[in-house]
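Asks: What follows is input_10.txt, made up of compact mmCIF, C-alpha atoms:
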```txt
# COMPACT_ATOMS: atom_id res chain seq x y z
CA ASN A 1 120.01 130.95 213.83
CA GLY A 2 121.68 132.29 210.70
CA LYS A 3 123.94 129.28 210.15
CA LEU A 4 124.07 126.61 207.44
CA TYR A 5 124.59 122.93 208.27
CA ILE A 6 126.03 120.22 206.02
CA PHE A 7 125.53 116.54 206.89
CA GLY A 8 127.48 113.65 205.39
CA GLY A 9 127.53 113.14 201.64
CA CYS A 10 129.07 110.87 199.03
CA LEU A 11 132.85 110.92 198.67
CA ARG A 12 133.11 108.23 195.99
CA ALA A 13 130.30 108.00 193.45
CA ILE A 14 126.87 107.35 194.97
CA THR A 15 127.64 104.58 197.42
CA GLY A 16 127.21 104.33 201.16
CA GLU A 17 130.67 102.86 201.70
CA GLY A 18 132.04 105.99 200.06
CA ALA A 19 130.07 108.25 202.39
CA THR A 20 131.25 110.47 205.22
CA ALA A 21 129.85 111.13 208.70
CA ASN A 22 131.27 114.66 208.81
CA VAL A 23 129.06 117.53 209.96
CA TRP A 24 129.92 121.15 209.28
CA GLU A 25 128.45 124.45 210.41
CA TYR A 26 128.95 127.44 208.11
CA ASP A 27 128.72 130.98 209.47
CA PRO A 28 127.98 133.38 206.57
CA VAL A 29 128.82 136.44 208.67
CA ALA A 30 132.29 135.22 209.62
CA ASP A 31 132.69 133.25 206.35
CA SER A 32 134.02 130.30 208.36
CA TYR A 33 133.36 126.60 208.90
CA LYS A 34 133.32 124.65 212.17
CA MET A 35 133.38 120.86 212.44
CA LEU A 36 130.65 119.45 214.68
CA ALA A 37 129.85 116.05 216.22
CA PRO A 38 129.81 113.49 213.38
CA MET A 39 126.71 111.53 212.45
CA PRO A 40 126.44 108.15 214.22
CA VAL A 41 126.61 106.36 210.83
CA LYS A 42 128.16 107.42 207.53
CA ARG A 43 125.40 108.46 205.14
CA CYS A 44 124.89 110.20 201.82
CA SER A 45 121.89 111.33 199.77
CA ALA A 46 119.77 111.86 202.91
CA GLN A 47 117.25 114.64 203.63
CA ALA A 48 117.77 117.20 206.42
CA GLU A 49 114.97 119.39 207.79
CA GLU A 50 114.73 121.72 210.80
CA VAL A 51 111.81 121.78 213.22
CA GLY A 52 111.85 123.59 216.56
CA GLY A 53 115.56 124.24 216.51
CA LYS A 54 116.44 120.57 215.93
CA ILE A 55 117.60 119.12 212.60
CA TYR A 56 116.37 115.71 211.45
CA VAL A 57 118.52 113.76 208.99
CA ILE A 58 116.38 111.09 207.35
CA GLY A 59 117.00 108.26 204.87
CA GLY A 60 119.84 108.09 202.35
CA LEU A 61 122.47 105.45 201.75
CA GLU A 62 124.47 104.04 204.65
CA THR A 63 127.51 101.83 205.01
CA PHE A 64 127.29 98.18 206.06
CA GLU A 65 128.72 97.39 209.48
CA ASN A 66 131.79 95.77 207.90
CA GLY A 67 132.36 98.86 205.74
CA LEU A 68 131.96 96.86 202.53
CA GLY A 69 128.87 97.76 200.54
CA ASN A 70 125.86 99.90 201.32
CA ARG A 71 122.12 99.77 201.84
CA VAL A 72 119.17 102.09 201.40
CA SER A 73 118.40 103.65 204.77
CA GLY A 74 115.30 104.65 206.69
CA ARG A 75 117.43 105.98 209.54
CA ASN A 76 116.11 109.08 211.31
CA GLU A 77 118.55 110.91 213.58
CA MET A 78 118.06 114.24 215.33
CA TYR A 79 120.86 116.77 215.69
CA ASP A 80 120.67 119.45 218.39
CA PRO A 81 122.86 122.46 217.50
CA ALA A 82 122.54 123.81 221.04
CA THR A 83 124.21 120.75 222.62
CA ASN A 84 126.08 119.37 219.56
CA THR A 85 124.54 115.94 220.15
CA TRP A 86 122.71 113.25 218.17
CA THR A 87 119.59 111.26 219.17
CA SER A 88 118.04 108.32 217.32
CA ARG A 89 114.39 108.80 216.37
CA SER A 90 111.68 106.64 214.83
CA PRO A 91 112.92 105.29 211.46
CA MET A 92 111.14 106.14 208.24
CA PRO A 93 108.75 103.34 207.16
CA THR A 94 109.89 103.43 203.51
CA SER A 95 113.68 103.38 203.27
CA ARG A 96 114.90 105.53 200.38
CA ASN A 97 117.55 107.94 199.14
CA HIS A 98 117.64 110.98 196.83
CA ALA A 99 114.15 111.95 198.00
CA TYR A 100 112.46 115.36 198.20
CA SER A 101 111.39 116.91 201.49
CA GLY A 102 109.83 119.91 203.20
CA VAL A 103 108.35 121.13 206.48
CA VAL A 104 104.78 122.41 206.86
CA ASN A 105 103.07 123.13 210.20
CA GLY A 106 105.88 121.52 212.18
CA LYS A 107 105.76 118.21 210.31
CA ILE A 108 108.34 116.76 207.92
CA TYR A 109 107.28 115.30 204.58
CA ILE A 110 109.51 112.90 202.66
CA ILE A 111 108.49 112.66 199.02
CA GLY A 112 109.48 110.20 196.31
CA GLY A 113 113.11 109.17 195.95
CA ARG A 114 114.58 105.82 195.01
CA ILE A 115 114.93 102.42 196.65
CA ALA A 116 118.06 101.20 194.87
CA ALA A 117 121.48 101.22 196.51
CA GLY A 118 124.57 102.67 194.91
CA ASN A 119 125.56 102.94 191.26
CA ILE A 120 123.70 99.92 189.97
CA GLY A 121 122.12 99.67 186.56
CA LEU A 122 118.55 99.92 187.80
CA VAL A 123 117.18 102.78 189.90
CA THR A 124 113.63 102.23 191.12
CA ASN A 125 111.88 105.56 191.67
CA ILE A 126 108.91 105.63 194.04
CA ASP A 127 105.97 108.00 194.51
CA VAL A 128 105.45 107.47 198.26
CA VAL A 129 104.80 110.50 200.50
CA GLU A 130 105.25 110.03 204.25
CA GLU A 131 104.65 112.44 207.15
CA TYR A 132 106.79 112.58 210.30
CA ASP A 133 105.74 114.45 213.44
CA PRO A 134 108.82 115.32 215.56
CA ALA A 135 106.59 116.27 218.50
CA THR A 136 105.24 112.72 218.85
CA ASN A 137 108.12 110.91 217.11
CA LEU A 138 105.54 109.12 214.96
CA TRP A 139 105.10 108.54 211.24
CA GLY A 140 101.56 108.97 209.90
CA VAL A 141 99.59 107.13 207.24
CA VAL A 142 100.88 107.30 203.67
CA LYS A 143 99.76 110.50 201.95
CA GLN A 144 98.58 111.16 198.39
CA ARG A 145 101.23 109.82 196.06
CA MET A 146 103.25 112.23 193.91
CA PRO A 147 102.09 112.40 190.27
CA THR A 148 105.53 111.72 188.76
CA PRO A 149 107.76 109.18 190.58
CA ARG A 150 111.31 110.55 190.51
CA SER A 151 114.43 111.16 192.53
CA GLY A 152 117.40 113.49 192.79
CA GLY A 153 115.72 116.84 192.12
CA GLY A 154 115.14 120.09 193.99
CA ALA A 155 112.57 121.00 196.65
CA ALA A 156 111.45 124.24 198.29
CA THR A 157 108.55 125.26 200.52
CA TYR A 158 106.35 128.34 200.21
CA ASN A 159 103.00 129.31 201.74
CA GLY A 160 102.26 125.85 203.07
CA LYS A 161 103.15 123.92 199.89
CA ILE A 162 106.20 121.85 198.99
CA TYR A 163 107.42 122.33 195.42
CA VAL A 164 109.39 119.47 193.84
CA SER A 165 111.34 120.03 190.64
CA GLY A 166 113.23 117.95 188.12
CA GLY A 167 114.80 114.62 188.99
CA GLU A 168 116.07 111.59 187.12
CA VAL A 169 115.35 108.03 186.08
CA THR A 170 117.91 105.37 185.29
CA ASN A 171 117.18 101.83 184.18
CA ARG A 172 118.56 99.29 181.71
CA GLN A 173 116.99 101.11 178.76
CA LEU A 174 117.06 104.75 179.77
CA SER A 175 119.04 107.45 181.58
CA ALA A 176 117.07 110.68 181.59
CA ALA A 177 116.08 113.78 183.52
CA PHE A 178 112.63 115.24 184.21
CA LYS A 179 111.09 118.64 183.46
CA ALA A 180 108.30 118.06 185.97
CA LEU A 181 107.36 120.67 188.58
CA GLU A 182 104.65 119.72 191.07
CA ALA A 183 103.42 121.15 194.38
CA TYR A 184 102.15 119.17 197.38
CA ASP A 185 99.63 120.68 199.81
CA PRO A 186 99.83 118.73 203.10
CA VAL A 187 96.77 120.44 204.60
CA ASN A 188 94.48 119.17 201.84
CA ASP A 189 96.68 116.19 200.91
CA THR A 190 96.55 117.17 197.25
CA TRP A 191 98.98 117.65 194.37
CA GLU A 192 99.09 120.38 191.75
CA ILE A 193 100.88 119.96 188.42
CA LEU A 194 102.60 123.22 187.48
CA PRO A 195 104.19 124.40 184.21
CA SER A 196 107.22 122.25 183.48
CA MET A 197 110.73 123.61 183.74
CA PRO A 198 112.12 124.93 180.43
CA SER A 199 114.72 122.14 180.42
CA ALA A 200 114.89 118.68 181.94
CA ARG A 201 117.49 118.28 184.69
CA HIS A 202 118.29 116.59 187.95
CA GLY A 203 120.44 117.78 190.82
CA ASP A 204 118.94 121.24 190.50
CA ALA A 205 118.92 123.63 193.46
CA ALA A 206 115.48 125.00 194.35
CA GLY A 207 114.68 127.91 196.63
CA PHE A 208 112.22 130.73 197.20
CA ILE A 209 113.00 134.43 197.50
CA GLY A 210 109.67 135.99 198.33
CA ASN A 211 107.08 134.38 196.06
CA LYS A 212 109.57 133.54 193.31
CA LEU A 213 110.84 129.99 192.91
CA TYR A 214 114.39 129.80 191.57
CA LEU A 215 115.52 126.57 189.88
CA VAL A 216 119.27 126.67 189.38
CA SER A 217 121.77 124.50 187.54
CA GLY A 218 121.68 120.68 187.43
CA LYS A 219 122.44 117.97 184.91
CA GLN A 220 120.35 117.52 181.78
CA GLU A 221 120.74 113.75 181.63
CA GLY A 222 120.48 110.96 184.17
CA GLY A 223 123.29 110.44 186.65
CA GLY A 224 124.75 107.60 184.59
CA ALA A 225 125.74 109.99 181.79
CA PRO A 226 129.32 111.36 181.88
CA ASP A 227 129.89 114.97 182.84
CA MET A 228 130.58 117.09 179.76
CA ALA A 229 130.62 120.65 181.09
CA GLY A 230 132.72 122.92 178.89
CA THR A 231 132.02 120.92 175.73
CA ASP A 232 129.81 121.80 172.76
CA HIS A 233 127.09 119.51 174.17
CA PRO A 234 127.31 119.80 177.95
CA TYR A 235 125.13 117.70 180.22
CA ALA A 236 125.63 120.17 183.07
CA THR A 237 123.77 123.46 182.83
CA ALA A 238 124.04 126.90 184.40
CA SER A 239 120.33 127.60 183.79
CA ASN A 240 118.51 129.78 186.30
CA ASP A 241 114.75 129.60 185.77
CA VAL A 242 112.25 131.58 187.82
CA LEU A 243 108.56 130.88 188.40
CA GLU A 244 106.48 133.51 190.19
CA ILE A 245 103.79 132.07 192.44
CA PRO A 246 100.76 134.38 192.88
CA THR A 247 100.79 135.69 196.45
CA GLY A 248 97.99 134.62 198.74
CA THR A 249 97.20 131.48 196.74
CA ARG A 250 97.02 128.01 198.17
```
What does this structure look like when you write it as structure tokens?
Replies:
Amino acid sequence: NGKLYIFGGCLRAITGEGATANVWEYDPVADSYKMLAPMPVKRCSAQAEEVGGKIYVIGGLETFENGLGNRVSGRNEMYDPATNTWTSRSPMPTSRNHAYSGVVNGKIYIIGGRIAAGNIGLVTNIDVVEEYDPATNLWGVVKQRMPTPRSGGGAATYNGKIYVSGGEVTNRQLSAAFKALEAYDPVNDTWEILPSMPSARHGDAAGFIGNKLYLVSGKQEGGGAPDMAGTDHPYATASNDVLEIPTGTR
């Protein structure tokens, strides 16, 4: 309905105990924010998708009950903007955070992500793709796995396909970003490997205007690398890359 919604987020590094439960509605016409009913549990790095006027906030990192420490979450909660209320829904089978997501034919797809909690020295990326049907409140069988396991990138949907871009990997030997761009077709349960982004990055913003996919900004190293924007060798980038998808193709 012409509004933007912001759910939770990390306030202190990437840890559930540093998360917030705040929910905000932004009205672009009035250029104003309104605070809404908070999420039942503090969460960050979750995925939010809208189906049928309801918004489903899935996965992420959440705070332990004692407020000390955090865990990877499979939590699935539905927000109704019309009533400003929350309802618990069927949890995601594979708990994860920093995943990719999209909606096709009224179903939500959660793609990839990571199963590690917080800023630890080992981030385990996964390639699992799961389908959630809000109409039945059921999760389906695991779908075709993504070609490149990764987390923390951009995602956008166009013409029945979900495009996933960039991402990162962090382990004891490596902190790096991905160039990968791949498209998932839920109808045929298939993946397509597309031309890689010109530069590797994670945390990029992805979105379609018409049939053009815009991949904007991000960080050219893994999340463990320090921010160096404004230096001779910045890790952050202002890049804006555009890929035109032929119209009418599937």
Asks: Restricting the calculation to all atoms listed in the file: of A:Ile111, A:Val141, A:Ala99, A:Ile126, which residue gets closest to A:Gly153?
Replies: A:Ala99
Asks: Pick out the residues sitting within 12 Å of A:Arg150, and hand them over as a count of residues only; count all atoms listed in the file, and ignore anything fewer than 5 positions along from it in its own chain.
Replies: 36
Asks: Counting only C-alpha atoms, what is within 8 Å of A:Gly106, bar same-chain residues fewer than 6 positions away, as a PyMOL selection string?
Replies: chain A and resi 51-52+133-134
Asks: With C-alpha atoms retained, could you export that selection as a PDB file, in the coordinates of the input?
Replies:
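File out14.pdb, as written:
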```pdb
ATOM      1  CA  VAL A  51     111.810 121.780 213.220  1.00  0.00           C
ATOM      2  CA  GLY A  52     111.850 123.590 216.560  1.00  0.00           C
ATOM      3  CA  ASP A 133     105.740 114.450 213.440  1.00  0.00           C
ATOM      4  CA  PRO A 134     108.820 115.320 215.560  1.00  0.00           C
TER       5      PRO A 134
END
```
Asks: Can you tell me, as number ranges by chain, what residues are no more than 9 Å from A:Asn84 when counting only C-alpha atoms, ignoring any on the same chain fewer than 3 positions away?
Replies: A: 36-37, 79-81
Asks: Just give me the gap between atom CA of A:Pro28 and atom CA of A:Ala82 in Å, one decimal is fine.
Replies: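 Atom CA of A:Ala82 lies at a distance of 18.2 Å from atom CA of A:Pro28.
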Asks: Considering only C-alpha atoms, state which residue in the set A:Ser101, A:Asn22, A:Thr87, A:Thr148 is at the smallest distance from A:Gly59.
Replies: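 Using only C-alpha atoms, the shortest distance to A:Gly59 belongs to A:Ser101.
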Asks: Which residues come within 6 Å of stretch 213-218 of chain A, counting only C-alpha atoms, excluding same-chain residues fewer than 2 positions away, as a PyMOL selection string?
Replies: chain A and resi 201-208+236-243
Asks: Taking only C-alpha atoms into account, which of A:Asn76, A:Glu130, A:Ala21, A:Gly69 comes nearest A:Thr94?
Replies: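 Ranked by minimum distance to A:Thr94, first place goes to A:Glu130.
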Asks: Would you compute the distance between atom CA of A:Met146 and atom CA of A:Asn188? Give it in Å to one decimal.
Replies: 13.7 Å
Asks: If we count all atoms listed in the file, what is near A:Glu62 at a cut-off of 6 Å, once residues fewer than 4 positions away on the same chain are taken out, given as a PyMOL selection string?
Replies: chain A and resi 16+42-43+70-71
Asks: What is the atom CA of A:Gln47-atom CA of A:Ile110 distance in Å, reported with one decimal?
Replies: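 Between these atoms lies a distance of 8.0 Å.
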Asks: Point out the residue among A:Lys161, A:Arg12, A:Lys219, A:Arg172 with the least atom-to-atom distance to A:Asn105, counting all atoms listed in the file.
Replies: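 Checking each candidate against A:Asn105, we get A:Lys161 as the closest.
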Asks: List as a PDB file with C-alpha atoms, keeping the file's coordinate frame the residues having at least one atom at most 12 Å from position (114.2, 116.3, 214.3) as given in the file, counting only C-alpha atoms.
Replies:
```
ATOM      1  CA  GLN A  47     117.250 114.640 203.630  1.00  0.00           C
ATOM      2  CA  ALA A  48     117.770 117.200 206.420  1.00  0.00           C
ATOM      3  CA  GLU A  49     114.970 119.390 207.790  1.00  0.00           C
ATOM      4  CA  GLU A  50     114.730 121.720 210.800  1.00  0.00           C
ATOM      5  CA  VAL A  51     111.810 121.780 213.220  1.00  0.00           C
ATOM      6  CA  GLY A  52     111.850 123.590 216.560  1.00  0.00           C
ATOM      7  CA  GLY A  53     115.560 124.240 216.510  1.00  0.00           C
ATOM      8  CA  LYS A  54     116.440 120.570 215.930  1.00  0.00           C
ATOM      9  CA  ILE A  55     117.600 119.120 212.600  1.00  0.00           C
ATOM     10  CA  TYR A  56     116.370 115.710 211.450  1.00  0.00           C
ATOM     11  CA  VAL A  57     118.520 113.760 208.990  1.00  0.00           C
ATOM     12  CA  ILE A  58     116.380 111.090 207.350  1.00  0.00           C
ATOM     13  CA  ARG A  75     117.430 105.980 209.540  1.00  0.00           C
ATOM     14  CA  ASN A  76     116.110 109.080 211.310  1.00  0.00           C
ATOM     15  CA  GLU A  77     118.550 110.910 213.580  1.00  0.00           C
ATOM     16  CA  MET A  78     118.060 114.240 215.330  1.00  0.00           C
ATOM     17  CA  TYR A  79     120.860 116.770 215.690  1.00  0.00           C
ATOM     18  CA  ASP A  80     120.670 119.450 218.390  1.00  0.00           C
ATOM     19  CA  PRO A  81     122.860 122.460 217.500  1.00  0.00           C
ATOM     20  CA  THR A  85     124.540 115.940 220.150  1.00  0.00           C
ATOM     21  CA  TRP A  86     122.710 113.250 218.170  1.00  0.00           C
ATOM     22  CA  THR A  87     119.590 111.260 219.170  1.00  0.00           C
ATOM     23  CA  SER A  88     118.040 108.320 217.320  1.00  0.00           C
ATOM     24  CA  ARG A  89     114.390 108.800 216.370  1.00  0.00           C
ATOM     25  CA  SER A  90     111.680 106.640 214.830  1.00  0.00           C
ATOM     26  CA  PRO A  91     112.920 105.290 211.460  1.00  0.00           C
ATOM     27  CA  VAL A 103     108.350 121.130 206.480  1.00  0.00           C
ATOM     28  CA  GLY A 106     105.880 121.520 212.180  1.00  0.00           C
ATOM     29  CA  LYS A 107     105.760 118.210 210.310  1.00  0.00           C
ATOM     30  CA  ILE A 108     108.340 116.760 207.920  1.00  0.00           C
ATOM     31  CA  TYR A 109     107.280 115.300 204.580  1.00  0.00           C
ATOM     32  CA  TYR A 132     106.790 112.580 210.300  1.00  0.00           C
ATOM     33  CA  ASP A 133     105.740 114.450 213.440  1.00  0.00           C
ATOM     34  CA  PRO A 134     108.820 115.320 215.560  1.00  0.00           C
ATOM     35  CA  ALA A 135     106.590 116.270 218.500  1.00  0.00           C
ATOM     36  CA  THR A 136     105.240 112.720 218.850  1.00  0.00           C
ATOM     37  CA  ASN A 137     108.120 110.910 217.110  1.00  0.00           C
ATOM     38  CA  LEU A 138     105.540 109.120 214.960  1.00  0.00           C
TER      39      LEU A 138
END
```
Asks: Closest to A:Glu221 among A:Gly18, A:Leu174, A:Glu244, A:Cys10, using only C-alpha atoms?
Replies: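 The closest residue to A:Glu221 is A:Leu174.
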Asks: Dig up all the protein and nucleic acid residues within 8 Å of (125.0, 122.9, 206.4) in the file frame, using only C-alpha atoms, and format them as a list in words.
Replies: Lys3, Leu4, Tyr5, Ile6, Phe7, Val23, Trp24, Glu25 and Tyr26 of chain A
